[in-house]
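Novice: This is protein_15.cif, which holds mmCIF, C-alpha atoms, pLDDT in the B column; chains and numbers go by the auth columns:
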data_final
#
loop_
_atom_site.group_PDB
_atom_site.id
_atom_site.type_symbol
_atom_site.label_atom_id
_atom_site.label_comp_id
_atom_site.label_asym_id
_atom_site.label_seq_id
_atom_site.Cartn_x
_atom_site.Cartn_y
_atom_site.Cartn_z
_atom_site.B_iso_or_equiv
_atom_site.auth_seq_id
_atom_site.auth_asym_id
ATOM 1 C CA ALA A 1 52.208 69.765 158.412 77.00 29 A
ATOM 2 C CA GLN A 2 53.752 66.737 156.792 81.00 30 A
ATOM 3 C CA THR A 3 56.850 65.247 158.414 90.00 31 A
ATOM 4 C CA VAL A 4 59.147 62.359 157.580 94.00 32 A
ATOM 5 C CA THR A 5 61.253 60.656 160.243 94.00 33 A
ATOM 6 C CA GLN A 6 64.168 58.319 159.789 95.00 34 A
ATOM 7 C CA SER A 7 65.248 57.158 163.205 94.00 35 A
ATOM 8 C CA GLN A 8 68.377 55.284 162.142 95.00 36 A
ATOM 9 C CA PRO A 9 71.231 57.694 161.375 94.00 37 A
ATOM 10 C CA GLU A 10 73.576 54.850 160.458 96.00 38 A
ATOM 11 C CA MET A 11 73.266 51.192 159.571 97.00 39 A
ATOM 12 C CA SER A 12 75.727 48.570 158.462 97.00 40 A
ATOM 13 C CA VAL A 13 75.354 45.210 156.814 97.00 41 A
ATOM 14 C CA GLN A 14 77.574 42.516 155.448 97.00 42 A
ATOM 15 C CA GLU A 15 77.653 41.850 151.757 97.00 43 A
ATOM 16 C CA ALA A 16 74.931 39.412 150.615 97.00 44 A
ATOM 17 C CA GLU A 17 72.901 39.954 153.781 97.00 45 A
ATOM 18 C CA THR A 18 69.556 41.712 154.124 98.00 46 A
ATOM 19 C CA VAL A 19 69.013 45.068 155.790 98.00 47 A
ATOM 20 C CA THR A 20 65.879 47.076 156.548 98.00 48 A
ATOM 21 C CA LEU A 21 65.794 50.858 156.798 98.00 49 A
ATOM 22 C CA SER A 22 62.942 52.467 158.712 97.00 50 A
ATOM 23 C CA CYS A 23 60.814 55.467 157.857 97.00 51 A
ATOM 24 C CA THR A 24 57.722 56.897 159.470 97.00 52 A
ATOM 25 C CA TYR A 25 55.702 59.872 158.371 95.00 53 A
ATOM 26 C CA ASP A 26 52.907 62.004 159.627 93.00 54 A
ATOM 27 C CA THR A 27 50.121 63.361 157.472 90.00 55 A
ATOM 28 C CA SER A 28 46.420 63.945 157.383 88.00 56 A
ATOM 29 C CA GLU A 29 46.346 63.459 153.620 85.00 57 A
ATOM 30 C CA SER A 30 44.740 60.341 152.180 83.00 58 A
ATOM 31 C CA ASN A 31 46.324 60.420 148.753 85.00 59 A
ATOM 32 C CA TYR A 32 50.083 60.691 148.576 89.00 60 A
ATOM 33 C CA TYR A 33 53.252 59.022 147.354 90.00 61 A
ATOM 34 C CA LEU A 34 56.293 57.702 149.160 93.00 62 A
ATOM 35 C CA PHE A 35 59.805 57.271 147.838 94.00 63 A
ATOM 36 C CA TRP A 36 63.218 56.031 148.742 96.00 64 A
ATOM 37 C CA TYR A 37 66.142 57.891 147.241 95.00 65 A
ATOM 38 C CA LYS A 38 69.767 56.837 147.333 96.00 66 A
ATOM 39 C CA GLN A 39 72.660 59.289 147.517 95.00 67 A
ATOM 40 C CA PRO A 40 76.020 57.606 146.900 93.00 68 A
ATOM 41 C CA PRO A 41 79.315 59.373 147.567 88.00 69 A
ATOM 42 C CA SER A 42 79.060 60.887 144.104 84.00 70 A
ATOM 43 C CA ARG A 43 76.311 63.041 145.624 87.00 71 A
ATOM 44 C CA GLN A 44 73.687 62.443 142.927 87.00 72 A
ATOM 45 C CA MET A 45 70.221 61.596 144.221 91.00 73 A
ATOM 46 C CA ILE A 46 68.830 58.462 142.594 92.00 74 A
ATOM 47 C CA LEU A 47 65.291 57.131 142.892 92.00 75 A
ATOM 48 C CA VAL A 48 65.277 53.604 144.296 95.00 76 A
ATOM 49 C CA ILE A 49 61.607 52.774 144.682 95.00 77 A
ATOM 50 C CA ARG A 50 58.208 54.440 144.973 92.00 78 A
ATOM 51 C CA GLN A 51 54.809 53.593 146.411 93.00 79 A
ATOM 52 C CA GLU A 52 51.378 55.077 145.837 89.00 80 A
ATOM 53 C CA ALA A 53 49.377 55.295 149.046 89.00 81 A
ATOM 54 C CA TYR A 54 46.214 53.967 147.412 87.00 82 A
ATOM 55 C CA LYS A 55 47.944 50.733 146.449 87.00 83 A
ATOM 56 C CA GLN A 56 47.944 48.045 149.093 85.00 84 A
ATOM 57 C CA GLN A 57 50.540 45.952 147.324 91.00 85 A
ATOM 58 C CA ASN A 58 54.089 46.686 148.401 94.00 86 A
ATOM 59 C CA ALA A 59 56.395 47.942 145.675 93.00 87 A
ATOM 60 C CA THR A 60 59.368 45.849 144.590 94.00 88 A
ATOM 61 C CA GLU A 61 62.331 46.707 142.373 93.00 89 A
ATOM 62 C CA ASN A 62 64.757 43.823 142.005 95.00 90 A
ATOM 63 C CA ARG A 63 66.596 43.554 145.339 97.00 91 A
ATOM 64 C CA PHE A 64 64.695 46.473 146.850 97.00 92 A
ATOM 65 C CA SER A 65 61.261 46.164 148.391 97.00 93 A
ATOM 66 C CA VAL A 66 59.137 48.167 150.772 97.00 94 A
ATOM 67 C CA ASN A 67 56.858 47.354 153.660 96.00 95 A
ATOM 68 C CA PHE A 68 54.122 49.965 153.484 95.00 96 A
ATOM 69 C CA GLN A 69 51.845 50.101 156.513 94.00 97 A
ATOM 70 C CA LYS A 70 49.416 52.922 155.840 92.00 98 A
ATOM 71 C CA ALA A 71 47.584 52.797 159.151 92.00 99 A
ATOM 72 C CA ALA A 72 50.849 52.867 161.060 94.00 100 A
ATOM 73 C CA LYS A 73 52.290 55.477 158.657 94.00 101 A
ATOM 74 C CA SER A 74 55.359 53.373 158.179 96.00 102 A
ATOM 75 C CA PHE A 75 57.389 52.843 155.002 96.00 103 A
ATOM 76 C CA SER A 76 60.476 50.698 155.432 97.00 104 A
ATOM 77 C CA LEU A 77 62.974 49.706 152.747 98.00 105 A
ATOM 78 C CA LYS A 78 64.390 46.217 152.573 98.00 106 A
ATOM 79 C CA ILE A 79 67.566 45.594 150.643 98.00 107 A
ATOM 80 C CA SER A 80 68.209 41.931 149.922 97.00 108 A
ATOM 81 C CA ASP A 81 71.543 40.433 148.894 97.00 109 A
ATOM 82 C CA SER A 82 73.342 43.670 149.799 98.00 110 A
ATOM 83 C CA GLN A 83 76.152 44.739 147.511 97.00 111 A
ATOM 84 C CA LEU A 84 79.099 47.032 148.062 96.00 112 A
ATOM 85 C CA GLY A 85 77.537 49.467 145.619 95.00 113 A
ATOM 86 C CA ASP A 86 74.571 49.876 147.938 97.00 114 A
ATOM 87 C CA THR A 87 76.765 51.913 150.284 97.00 115 A
ATOM 88 C CA ALA A 88 75.104 55.327 150.360 97.00 116 A
ATOM 89 C CA MET A 89 72.788 57.674 152.197 96.00 117 A
ATOM 90 C CA TYR A 90 69.169 56.634 151.862 97.00 118 A
ATOM 91 C CA PHE A 91 66.386 59.181 152.100 96.00 119 A
ATOM 92 C CA CYS A 92 62.736 58.514 152.595 96.00 120 A
ATOM 93 C CA ALA A 93 60.510 61.114 150.921 94.00 121 A
ATOM 94 C CA PHE A 94 56.845 62.053 150.884 91.00 122 A
ATOM 95 C CA LEU A 95 54.813 63.785 148.201 88.00 123 A
ATOM 96 C CA TRP A 96 51.281 65.011 148.240 80.00 124 A
ATOM 97 C CA ASP A 97 49.241 67.147 145.916 71.00 125 A
ATOM 98 C CA THR A 98 51.143 70.328 146.594 64.00 126 A
ATOM 99 C CA ASP A 99 54.044 69.055 144.478 75.00 127 A
ATOM 100 C CA LYS A 100 56.341 69.350 147.473 79.00 128 A
ATOM 101 C CA LEU A 101 58.649 66.412 148.003 85.00 129 A
ATOM 102 C CA ILE A 102 59.666 66.343 151.673 89.00 130 A
ATOM 103 C CA PHE A 103 62.693 64.334 152.731 93.00 131 A
ATOM 104 C CA GLY A 104 63.666 62.626 155.949 94.00 132 A
ATOM 105 C CA THR A 105 67.076 63.197 157.497 92.00 133 A
ATOM 106 C CA GLY A 106 68.573 60.109 155.912 94.00 134 A
ATOM 107 C CA THR A 107 70.190 56.844 156.955 96.00 135 A
ATOM 108 C CA ARG A 108 73.811 56.192 156.133 96.00 136 A
ATOM 109 C CA LEU A 109 74.221 52.583 155.025 97.00 137 A
ATOM 110 C CA GLN A 110 77.616 50.929 154.947 97.00 138 A
ATOM 111 C CA VAL A 111 77.967 47.564 153.257 97.00 139 A
ATOM 112 C CA PHE A 112 81.001 45.581 154.411 96.00 140 A
ATOM 113 C CA PRO A 113 82.733 42.857 152.389 95.00 141 A
ATOM 114 C CA ASP B 1 69.311 62.705 127.608 62.00 26 B
ATOM 115 C CA ALA B 2 72.018 64.633 129.477 80.00 27 B
ATOM 116 C CA GLY B 3 70.044 64.850 132.704 92.00 28 B
ATOM 117 C CA VAL B 4 69.774 67.894 134.937 95.00 29 B
ATOM 118 C CA ILE B 5 72.891 70.003 134.546 96.00 30 B
ATOM 119 C CA GLN B 6 74.133 72.264 137.313 97.00 31 B
ATOM 120 C CA SER B 7 77.005 74.677 137.421 97.00 32 B
ATOM 121 C CA PRO B 8 79.332 75.331 139.016 97.00 33 B
ATOM 122 C CA ARG B 9 79.998 71.997 140.677 96.00 34 B
ATOM 123 C CA HIS B 10 82.080 73.690 143.344 96.00 35 B
ATOM 124 C CA GLU B 11 82.191 77.307 144.396 97.00 36 B
ATOM 125 C CA VAL B 12 84.344 78.903 147.042 97.00 37 B
ATOM 126 C CA THR B 13 83.721 82.537 147.796 97.00 38 B
ATOM 127 C CA GLU B 14 84.179 85.081 150.500 97.00 39 B
ATOM 128 C CA MET B 15 81.478 86.435 152.746 97.00 40 B
ATOM 129 C CA GLY B 16 79.630 89.304 151.161 96.00 41 B
ATOM 130 C CA GLN B 17 80.158 88.198 147.587 97.00 42 B
ATOM 131 C CA GLU B 18 77.329 87.432 145.183 97.00 43 B
ATOM 132 C CA VAL B 19 76.883 83.795 144.222 98.00 44 B
ATOM 133 C CA THR B 20 74.900 82.546 141.227 98.00 45 B
ATOM 134 C CA LEU B 21 74.069 78.889 140.783 98.00 46 B
ATOM 135 C CA ARG B 22 72.731 77.667 137.483 98.00 47 B
ATOM 136 C CA CYS B 23 70.518 74.830 136.403 98.00 48 B
ATOM 137 C CA LYS B 24 69.404 73.363 133.108 97.00 49 B
ATOM 138 C CA PRO B 25 66.475 70.974 133.591 96.00 50 B
ATOM 139 C CA ILE B 26 65.781 67.941 131.468 94.00 51 B
ATOM 140 C CA SER B 27 64.182 68.937 128.185 93.00 52 B
ATOM 141 C CA GLY B 28 60.408 68.549 128.356 90.00 53 B
ATOM 142 C CA HIS B 29 60.232 68.767 132.136 91.00 54 B
ATOM 143 C CA ASN B 30 57.958 71.563 133.270 89.00 55 B
ATOM 144 C CA SER B 31 58.625 71.583 137.013 91.00 56 B
ATOM 145 C CA LEU B 32 61.891 72.681 138.558 94.00 57 B
ATOM 146 C CA PHE B 33 62.954 72.533 142.201 95.00 58 B
ATOM 147 C CA TRP B 34 65.838 73.981 144.194 97.00 59 B
ATOM 148 C CA TYR B 35 66.931 72.114 147.327 96.00 60 B
ATOM 149 C CA ARG B 36 69.637 72.847 149.868 96.00 61 B
ATOM 150 C CA GLN B 37 71.432 70.065 151.731 95.00 62 B
ATOM 151 C CA THR B 38 73.337 70.583 154.991 92.00 63 B
ATOM 152 C CA MET B 39 74.385 68.215 157.721 87.00 64 B
ATOM 153 C CA MET B 40 72.280 70.045 160.276 85.00 65 B
ATOM 154 C CA ARG B 41 69.048 70.486 158.329 86.00 66 B
ATOM 155 C CA GLY B 42 69.170 67.757 155.705 88.00 67 B
ATOM 156 C CA LEU B 43 67.439 68.397 152.385 92.00 68 B
ATOM 157 C CA GLU B 44 65.295 71.498 152.386 92.00 69 B
ATOM 158 C CA LEU B 45 63.059 72.609 149.544 92.00 70 B
ATOM 159 C CA LEU B 46 63.821 76.246 148.803 95.00 71 B
ATOM 160 C CA ILE B 47 61.554 77.019 145.863 95.00 72 B
ATOM 161 C CA TYR B 48 59.853 75.357 142.941 92.00 73 B
ATOM 162 C CA PHE B 49 58.530 76.438 139.560 94.00 74 B
ATOM 163 C CA ASN B 50 55.796 75.069 137.334 91.00 75 B
ATOM 164 C CA ASN B 51 55.958 76.191 133.707 92.00 76 B
ATOM 165 C CA ASN B 52 58.565 78.809 134.643 94.00 77 B
ATOM 166 C CA VAL B 53 56.322 80.388 137.288 94.00 78 B
ATOM 167 C CA PRO B 54 57.379 80.316 140.953 94.00 79 B
ATOM 168 C CA ILE B 55 54.739 78.384 142.866 91.00 80 B
ATOM 169 C CA ASP B 56 56.103 78.197 146.384 89.00 81 B
ATOM 170 C CA ASP B 57 59.119 80.067 147.720 92.00 82 B
ATOM 171 C CA SER B 58 58.307 79.605 151.387 90.00 83 B
ATOM 172 C CA GLY B 59 61.534 77.679 151.873 91.00 84 B
ATOM 173 C CA MET B 60 63.758 80.522 150.760 94.00 85 B
ATOM 174 C CA PRO B 61 65.585 81.407 153.955 88.00 86 B
ATOM 175 C CA GLU B 62 65.677 85.177 153.580 86.00 87 B
ATOM 176 C CA ASP B 63 65.745 88.071 151.173 91.00 88 B
ATOM 177 C CA ARG B 64 69.355 87.435 150.318 95.00 89 B
ATOM 178 C CA PHE B 65 68.142 84.462 148.280 97.00 90 B
ATOM 179 C CA SER B 66 66.398 84.835 144.955 97.00 91 B
ATOM 180 C CA ALA B 67 65.560 82.441 142.135 97.00 92 B
ATOM 181 C CA LYS B 68 64.494 82.967 138.575 97.00 93 B
ATOM 182 C CA MET B 69 63.420 80.851 135.675 97.00 94 B
ATOM 183 C CA PRO B 70 63.418 83.048 132.562 96.00 95 B
ATOM 184 C CA ASN B 71 62.634 80.144 130.249 95.00 96 B
ATOM 185 C CA ALA B 72 61.941 76.421 130.288 94.00 97 B
ATOM 186 C CA SER B 73 65.580 75.465 129.960 95.00 98 B
ATOM 187 C CA PHE B 74 67.320 77.627 132.525 96.00 99 B
ATOM 188 C CA SER B 75 67.074 78.643 136.159 98.00 100 B
ATOM 189 C CA THR B 76 69.308 80.526 138.575 98.00 101 B
ATOM 190 C CA LEU B 77 69.577 80.690 142.328 98.00 102 B
ATOM 191 C CA LYS B 78 71.308 83.799 143.561 98.00 103 B
ATOM 192 C CA ILE B 79 72.638 84.645 146.999 97.00 104 B
ATOM 193 C CA GLN B 80 73.560 88.261 147.631 96.00 105 B
ATOM 194 C CA PRO B 81 75.346 88.906 149.911 96.00 106 B
ATOM 195 C CA SER B 82 76.572 85.448 150.815 96.00 107 B
ATOM 196 C CA GLU B 83 77.300 84.391 154.402 96.00 108 B
ATOM 197 C CA PRO B 84 79.236 81.452 155.871 96.00 109 B
ATOM 198 C CA ARG B 85 75.977 79.821 157.006 95.00 110 B
ATOM 199 C CA ASP B 86 74.950 79.555 153.352 96.00 111 B
ATOM 200 C CA SER B 87 77.636 76.908 152.860 97.00 112 B
ATOM 201 C CA ALA B 88 75.823 73.812 151.622 97.00 113 B
ATOM 202 C CA VAL B 89 75.191 71.661 148.593 96.00 114 B
ATOM 203 C CA TYR B 90 72.477 73.108 146.383 97.00 115 B
ATOM 204 C CA PHE B 91 70.538 70.704 144.219 97.00 116 B
ATOM 205 C CA CYS B 92 68.360 71.433 141.259 97.00 117 B
ATOM 206 C CA ALA B 93 65.776 68.854 140.232 95.00 118 B
ATOM 207 C CA SER B 94 63.176 68.634 137.508 94.00 119 B
ATOM 208 C CA ARG B 95 60.206 66.512 136.564 90.00 120 B
ATOM 209 C CA THR B 96 57.281 66.374 134.256 84.00 121 B
ATOM 210 C CA THR B 97 53.844 66.893 135.688 71.00 122 B
ATOM 211 C CA THR B 98 52.361 64.341 133.331 62.00 123 B
ATOM 212 C CA GLY B 99 52.622 60.632 133.892 52.00 124 B
ATOM 213 C CA PHE B 100 53.689 59.133 137.198 54.00 125 B
ATOM 214 C CA ALA B 101 53.736 61.743 139.901 62.00 126 B
ATOM 215 C CA GLY B 102 56.737 62.753 141.831 61.00 127 B
ATOM 216 C CA GLU B 103 59.822 61.245 140.246 79.00 128 B
ATOM 217 C CA LEU B 104 62.355 63.991 140.531 87.00 129 B
ATOM 218 C CA PHE B 105 65.543 63.875 138.525 91.00 130 B
ATOM 219 C CA PHE B 106 68.377 65.560 140.364 93.00 131 B
ATOM 220 C CA GLY B 107 71.481 67.281 139.167 95.00 132 B
ATOM 221 C CA GLU B 108 74.839 66.526 140.740 93.00 133 B
ATOM 222 C CA GLY B 109 74.603 69.541 143.006 95.00 134 B
ATOM 223 C CA SER B 110 76.676 72.668 143.506 97.00 135 B
ATOM 224 C CA ARG B 111 78.807 72.662 146.629 97.00 136 B
ATOM 225 C CA LEU B 112 79.071 76.195 147.969 98.00 137 B
ATOM 226 C CA THR B 113 81.642 77.217 150.544 97.00 138 B
ATOM 227 C CA VAL B 114 81.465 80.735 151.914 97.00 139 B
ATOM 228 C CA LEU B 115 84.547 81.771 153.875 96.00 140 B
#
What does the file become when written as structure tokens?
Specialist:
Amino acid sequence: AQTVTQSQPEMSVQEAETVTLSCTYDTSESNYYLFWYKQPPSRQMILVIRQEAYKQQNATENRFSVNFQKAAKSFSLKISDSQLGDTAMYFCAFLWDTDKLIFGTGTRLQVFP
Amino acid sequence: DAGVIQSPRHEVTEMGQEVTLRCKPISGHNSLFWYRQTMMRGLELLIYFNNNVPIDDSGMPEDRFSAKMPNASFSTLKIQPSEPRDSAVYFCASRTTTGFAGELFFGEGSRLTVL
């Protein structure tokens, strides 16, 4: 069975600093996708960044980037130049060919001024 | 596009009552998902549909839960009878199965409180 683990329930960072959120997963699949979703206090889930497992290059979206280590089954999210609006719950998620998107338990990120 | 639309946004009911949550997916999306979010269990996939057909309902907790998708633009999740442990936020999400895999678009969720 596929599992996603986020070992950091809460993180905090000062505005303009960099923070890294951790995610590990377990699977026997070779072809899959990984995602980071953001859930602000408004509750809506928003896609932050995605990574295809067959791509070695790490995905980047503006201030957000990932460190994808396939052999280690690790998929961390780096947020550079943190902003107050980045305060949210962040969920790591895994998708394989069953169409099921499985989420980790989330990391609550607080950005302080 | 209006995005995924869910109703009601909040629902408070008493134990034993029937609850119906509604979802309108994004036009053109042919996959629809129902998730439940609680503090204890996080985000759980309850059921999903492809082209209005239920594909996997293994996450539906028990027979009190049922979901339907009578057409491409509407889905319901029903709980009958409701229990306090059903209190949670229920999310509906949709996506297209063409193009880049996996990007789900979520609604704003329906917060259910069962007293």
Novice: Contacts of region 30-47 of chain A at 9 Å or less, counting only C-alpha atoms, minus same-chain residues fewer than 4 places along, as a count of residues only?
Specialist: 33
Novice: Taking all atoms listed in the file into account, report as a PDB file with C-alpha atoms, in the coordinates of the input which residues of chain B lie within 7 Å of chain A.
Specialist:
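Listed below is the output, out02.pdb:
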ATOM      1  CA  GLY B  67      69.170  67.757 155.705  1.00 88.00           C
ATOM      2  CA  LEU B  68      67.439  68.397 152.385  1.00 92.00           C
ATOM      3  CA  GLY B 127      56.737  62.753 141.831  1.00 61.00           C
ATOM      4  CA  PHE B 131      68.377  65.560 140.364  1.00 93.00           C
ATOM      5  CA  GLY B 132      71.481  67.281 139.167  1.00 95.00           C
ATOM      6  CA  GLU B 133      74.839  66.526 140.740  1.00 93.00           C
TER       7      GLU B 133
END
Novice: Edge lengths and centre, in Å to one decimal, as JSON: that's what I need for the box along x, y and z that holds all listed atoms of region 30-47 of chain A plus 6 Å on each side.
Specialist:
{"center_x": 65.7, "center_y": 53.1, "center_z": 156.9, "size_x": 35.9, "size_y": 39.3, "size_z": 24.6}
Novice: Just give me the gap between CA of Asp114 (chain A) and CA of Lys98 (chain A) in Å, one decimal is fine.
Specialist: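 Separation between CA of Asp114 (chain A) and CA of Lys98 (chain A): 26.5 Å.
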Novice: When you draw a straight line from CA of Ala92 (chain B) to CA of Trp59 (chain B), how long is it in Å?
Specialist: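 Value for the CA of Ala92 (chain B)-CA of Trp59 (chain B) distance: 8.7 Å.
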Novice: In file coordinates, which residues lie within 10 Å of (74.4, 74.9, 148.2) using only C-alpha atoms, given as a list in words?
Specialist: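 The residues that fall inside the cut-off are Arg34, His35, Glu36, Leu46, Trp59, Tyr60, Arg61, Gln62, Thr63, Leu102, Ile104, Asp111, Ser112, Ala113, Val114, Tyr115, Phe116, Cys117, Gly134, Ser135, Arg136, Leu137, Thr138 and Val139 of chain B.
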Novice: Taking C-alpha atoms for each residue, export the selection above as a PDB file, keeping the file's coordinate frame.
Specialist:
ATOM      1  CA  ARG B  34      79.998  71.997 140.677  1.00 96.00           C
ATOM      2  CA  HIS B  35      82.080  73.690 143.344  1.00 96.00           C
ATOM      3  CA  GLU B  36      82.191  77.307 144.396  1.00 97.00           C
ATOM      4  CA  LEU B  46      74.069  78.889 140.783  1.00 98.00           C
ATOM      5  CA  TRP B  59      65.838  73.981 144.194  1.00 97.00           C
ATOM      6  CA  TYR B  60      66.931  72.114 147.327  1.00 96.00           C
ATOM      7  CA  ARG B  61      69.637  72.847 149.868  1.00 96.00           C
ATOM      8  CA  GLN B  62      71.432  70.065 151.731  1.00 95.00           C
ATOM      9  CA  THR B  63      73.337  70.583 154.991  1.00 92.00           C
ATOM     10  CA  LEU B 102      69.577  80.690 142.328  1.00 98.00           C
ATOM     11  CA  ILE B 104      72.638  84.645 146.999  1.00 97.00           C
ATOM     12  CA  ASP B 111      74.950  79.555 153.352  1.00 96.00           C
ATOM     13  CA  SER B 112      77.636  76.908 152.860  1.00 97.00           C
ATOM     14  CA  ALA B 113      75.823  73.812 151.622  1.00 97.00           C
ATOM     15  CA  VAL B 114      75.191  71.661 148.593  1.00 96.00           C
ATOM     16  CA  TYR B 115      72.477  73.108 146.383  1.00 97.00           C
ATOM     17  CA  PHE B 116      70.538  70.704 144.219  1.00 97.00           C
ATOM     18  CA  CYS B 117      68.360  71.433 141.259  1.00 97.00           C
ATOM     19  CA  GLY B 134      74.603  69.541 143.006  1.00 95.00           C
ATOM     20  CA  SER B 135      76.676  72.668 143.506  1.00 97.00           C
ATOM     21  CA  ARG B 136      78.807  72.662 146.629  1.00 97.00           C
ATOM     22  CA  LEU B 137      79.071  76.195 147.969  1.00 98.00           C
ATOM     23  CA  THR B 138      81.642  77.217 150.544  1.00 97.00           C
ATOM     24  CA  VAL B 139      81.465  80.735 151.914  1.00 97.00           C
TER      25      VAL B 139
END
Novice: Expressed in Å to a single decimal, how great is the separation between CA of Glu69 (chain B) and CA of Pro86 (chain B)?
Specialist: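 Computing the Euclidean distance for CA of Glu69 (chain B) and CA of Pro86 (chain B) yields 10.0 Å.
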